[in-house]
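This is model.tsv (TSV, C-alpha atoms and all ligand atoms).
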```
chain	number	residue	atom	x	y	z
A	21	MET	CA	0.00	0.00	0.00
A	22	SER	CA	1.02	3.60	-0.42
A	23	ILE	CA	-0.23	7.09	0.19
A	24	TYR	CA	-1.80	7.08	-3.28
A	25	SER	CA	-4.07	4.10	-2.70
A	26	TYR	CA	-4.91	5.36	0.77
A	27	LEU	CA	-5.98	8.78	-0.53
A	28	LYS	CA	-7.89	7.20	-3.42
A	29	ASN	CA	-9.80	5.01	-0.98
A	30	ASP	CA	-10.78	8.11	1.00
A	31	HIS	CA	-11.85	9.81	-2.23
A	32	ARG	CA	-14.08	6.86	-3.16
A	33	GLN	CA	-15.82	7.07	0.23
A	34	VAL	CA	-16.40	10.80	-0.24
A	35	GLN	CA	-17.75	10.24	-3.77
A	36	ASP	CA	-20.11	7.56	-2.45
A	37	LEU	CA	-21.45	9.96	0.17
A	38	LEU	CA	-21.98	12.67	-2.46
A	39	LYS	CA	-24.00	10.22	-4.57
A	40	LYS	CA	-26.04	9.05	-1.58
A	41	ILE	CA	-26.93	12.62	-0.63
A	42	GLU	CA	-27.83	13.49	-4.22
A	43	ALA	CA	-30.09	10.44	-4.49
A	44	LEU	CA	-32.13	11.27	-1.37
A	45	PRO	CA	-35.68	12.56	-1.84
A	46	THR	CA	-35.85	16.22	-0.69
A	47	GLU	CA	-38.21	15.47	2.21
A	48	GLN	CA	-35.64	13.23	3.94
A	49	VAL	CA	-33.97	16.15	5.67
A	50	GLU	CA	-32.83	14.23	8.77
A	51	GLU	CA	-31.07	11.55	6.77
A	52	ARG	CA	-29.59	14.22	4.53
A	53	ASP	CA	-28.18	16.06	7.55
A	54	ARG	CA	-26.73	12.84	8.94
A	55	LEU	CA	-25.00	11.97	5.67
A	56	PHE	CA	-23.90	15.56	5.19
A	57	ASN	CA	-22.26	15.64	8.63
A	58	GLU	CA	-20.46	12.41	7.83
A	59	LEU	CA	-19.27	13.88	4.54
A	60	LYS	CA	-18.10	17.08	6.18
A	61	THR	CA	-16.16	15.19	8.86
A	62	GLN	CA	-14.51	12.94	6.32
A	63	VAL	CA	-13.57	15.76	3.95
A	64	ILE	CA	-12.11	17.96	6.67
A	65	LEU	CA	-10.13	15.15	8.29
A	66	HIS	CA	-8.84	14.05	4.91
A	67	SER	CA	-7.88	17.55	3.74
A	68	LYS	CA	-6.12	18.56	6.95
A	69	ALA	CA	-4.09	15.34	7.20
A	70	GLU	CA	-3.40	15.39	3.45
A	71	GLU	CA	-2.02	18.94	3.62
A	72	LYS	CA	0.37	18.03	6.39
A	73	ILE	CA	1.56	14.62	5.23
A	74	PHE	CA	1.29	14.73	1.44
A	75	TYR	CA	1.20	18.39	0.39
A	76	SER	CA	3.96	19.75	2.67
A	77	PRO	CA	6.79	17.77	1.11
A	78	LEU	CA	5.40	18.31	-2.41
A	79	GLN	CA	5.32	22.05	-1.88
A	80	ARG	CA	9.13	22.01	-1.68
A	81	PHE	CA	9.59	20.64	-5.21
A	82	SER	CA	9.41	23.17	-8.03
A	83	LEU	CA	7.46	20.70	-10.21
A	84	THR	CA	4.56	20.49	-7.76
A	85	GLU	CA	4.81	23.80	-5.88
A	86	ASP	CA	2.12	25.62	-7.89
A	87	GLU	CA	-0.16	22.59	-8.12
A	88	ILE	CA	-0.14	22.29	-4.34
A	89	LYS	CA	-0.81	25.99	-3.86
A	90	HIS	CA	-3.82	25.65	-6.16
A	91	ALA	CA	-5.01	22.46	-4.41
A	92	LYS	CA	-4.84	24.18	-1.01
A	93	GLU	CA	-7.01	27.00	-2.35
A	94	GLU	CA	-9.53	24.39	-3.46
A	95	HIS	CA	-9.49	22.80	0.01
A	96	ALA	CA	-10.21	26.20	1.56
A	97	GLU	CA	-13.01	26.88	-0.92
A	98	VAL	CA	-14.69	23.51	-0.26
A	99	GLU	CA	-14.28	23.92	3.51
A	100	LYS	CA	-15.92	27.34	3.37
A	101	MET	CA	-18.90	25.90	1.48
A	102	LEU	CA	-19.16	22.97	3.93
A	103	GLU	CA	-19.28	25.43	6.84
A	104	ARG	CA	-21.93	27.50	5.13
A	105	LEU	CA	-23.98	24.36	4.41
A	106	SER	CA	-23.92	23.60	8.15
A	107	GLU	CA	-25.58	26.88	9.10
A	108	PRO	CA	-29.23	26.39	10.10
A	109	ASP	CA	-30.51	29.46	8.23
A	110	LEU	CA	-29.54	27.91	4.89
A	111	ASN	CA	-32.16	25.47	3.62
A	112	GLY	CA	-34.42	24.43	0.76
A	113	ALA	CA	-33.37	25.30	-2.77
A	114	ALA	CA	-30.52	27.56	-1.59
A	115	TRP	CA	-28.99	24.65	0.34
A	116	SER	CA	-29.30	22.31	-2.63
A	117	GLN	CA	-27.79	24.86	-4.97
A	118	LEU	CA	-24.77	25.43	-2.74
A	119	PHE	CA	-24.44	21.68	-2.18
A	120	LYS	CA	-24.26	21.25	-5.94
A	121	SER	CA	-21.49	23.85	-6.25
A	122	MET	CA	-19.58	22.22	-3.39
A	123	ALA	CA	-19.98	18.73	-4.92
A	124	ASP	CA	-18.75	20.01	-8.30
A	125	ALA	CA	-15.72	21.67	-6.69
A	126	LEU	CA	-14.93	18.54	-4.69
A	127	ARG	CA	-15.20	16.21	-7.69
A	128	HIS	CA	-13.01	18.54	-9.73
A	129	HIS	CA	-10.43	18.66	-6.94
A	130	ILE	CA	-10.34	14.87	-6.54
A	131	LYS	CA	-9.90	14.42	-10.29
A	132	GLU	CA	-7.00	16.88	-10.46
A	133	GLU	CA	-5.37	15.34	-7.43
A	134	GLU	CA	-5.56	11.79	-8.76
A	135	THR	CA	-4.32	12.70	-12.21
A	136	GLN	CA	-1.87	15.60	-12.28
A	137	ILE	CA	-0.72	15.72	-8.66
A	138	PHE	CA	-0.31	11.96	-8.15
A	139	GLU	CA	1.47	11.62	-11.48
A	140	ASP	CA	3.97	14.37	-10.67
A	141	ALA	CA	4.35	13.28	-7.05
A	142	GLU	CA	5.38	9.80	-8.18
A	143	THR	CA	8.35	11.31	-9.99
A	144	GLN	CA	9.52	13.12	-6.83
A	145	ILE	CA	8.70	10.71	-4.00
A	146	SER	CA	10.31	7.27	-3.64
A	147	SER	CA	8.00	4.28	-3.21
A	148	ASP	CA	9.43	3.67	0.28
A	149	ARG	CA	8.58	7.21	1.24
A	150	ALA	CA	5.10	6.84	-0.25
A	151	GLU	CA	4.56	3.79	1.96
A	152	GLU	CA	5.71	5.67	5.07
A	153	MET	CA	3.37	8.50	4.15
A	154	GLU	CA	0.39	6.17	4.33
A	155	THR	CA	1.21	5.26	7.94
A	156	ALA	CA	1.80	8.92	8.75
A	157	MET	CA	-1.53	9.85	7.17
A	158	ILE	CA	-3.38	7.37	9.41
A	159	SER	CA	-1.83	8.73	12.61
A	160	GLU	CA	-2.25	12.35	11.52
A	161	LYS	CA	-5.96	11.75	10.93
A	162	LYS	CA	-6.27	10.44	14.48
A	163	ALA	CA	-4.45	13.50	15.79
A	164	VAL	CA	-6.69	15.89	13.82
A	165	LYS	CA	-9.76	14.04	15.10
A	166	LYS	CA	-8.61	14.56	18.68
A	167	ARG	CA	-7.77	18.20	18.06
A	168	ILE	CA	-10.98	19.26	16.34
A	169	GLY	CA	-13.26	16.29	16.99
A	170	ILE	CA	-15.73	18.26	19.08
A	171	ASP	CA	-16.41	20.81	16.37
A	172	LEU	CA	-17.19	18.10	13.87
A	173	ARG	CA	-19.79	16.17	15.81
A	201	FE	FE	-7.39	14.13	-1.45
A	202	FE	FE	-7.12	17.28	-1.57
```

For this file, write the structure as structure tokens.
Amino acid sequence: MSIYSYLKNDHRQVQDLLKKIEALPTEQVEERDRLFNELKTQVILHSKAEEKIFYSPLQRFSLTEDEIKHAKEEHAEVEKMLERLSEPDLNGAAWSQLFKSMADALRHHIKEEETQIFEDAETQISSDRAEEMETAMISEKKAVKKRIGIDLR
């Protein structure tokens, strides 16, 4: 295993949650909120740990420096939309519209990460290092959970 398969597995789980939320009939608000909270937790944990373990070293290589800067902006943009979607005053069609924008941004980000970033990263990071990164990613996620767990519940 390596950091790439680990991140891809996380991405698949996030994509599944997006699909599940999109497939729900509009009146199932409680179930939608439950799935949305799960999605938000997963995305934030993933992004924070990913920035520290995977992005930080990549930011030091000139090949990936700009890609990582761009990817971090996308993380911030998605996080901002996830926070807004959690606010109780946003509902109905406005919620769905923002959810759609957030889902589009997230899918776009995942696609770019798995194609361009992974491809370039593989030329800069040894396979041993990529394996170590997977282990580091798992412990960093636990640490993030402890640090901000309360806010995400
Ligand atoms: Fe990712
Ligand atoms: Fe990412």

Rank nothing, just name the residue among A:Ala123, A:Tyr75, A:Glu132, A:Trp115 nearest to A:Val98, using only C-alpha atoms.
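Looking at the shortest contact to A:Val98, the residue is A:Ala123.
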
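Between atom CA of A:Ala150 and atom CA of A:Arg167 the interatomic distance comes to 25.1 Å.
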
Would you pick out the contacts of A:Met21 at 8 Å or less, using only C-alpha atoms, so that residues sharing its chain but fewer than 4 positions from it are not included, and give the list as a PyMOL selection string?
chain A and resi 25-26+151+154

Please find the residues contacting ligand FE 201 (chain A) at a distance of at most 7 Å between atoms, with all atoms listed in the file counted, and report them as JSON, numbers by chain.
{"A": [27, 31, 66, 67, 70, 130, 133]}

Separation of atom CA of A:Ile23 from atom CA of A:Met153, in Å and rounded to one decimal:
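Computed distance, atom CA of A:Ile23 to atom CA of A:Met153, equals 5.5 Å.
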
What residues have any atom no more than 12 Å from ligand FE 202 (chain A) when counting only C-alpha atoms and all ligand atoms, and can you list them as number ranges by chain?
A: 24, 27-28, 30-31, 34, 62-75, 87-99, 125-135, 137-138

For a test of reading the model, state the distance in Å between atom CA of A:Leu105 and atom CA of A:Gln117, rounded to one decimal.
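Separation of atom CA of A:Leu105 and atom CA of A:Gln117: 10.1 Å.
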
Could you pull the residues within 10 Å of A:Leu118, counting all atoms listed in the file, minus those fewer than 4 positions along the same chain, as a ChimeraX atom specification?
/A:101-102,104-105,110-111,113-114,122-124

Distance criterion (all atoms listed in the file): nearest to A:Glu58 out of A:Ser76, A:Gln33, A:Gln144, A:Ser116:
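The closest residue to A:Glu58 is A:Gln33.
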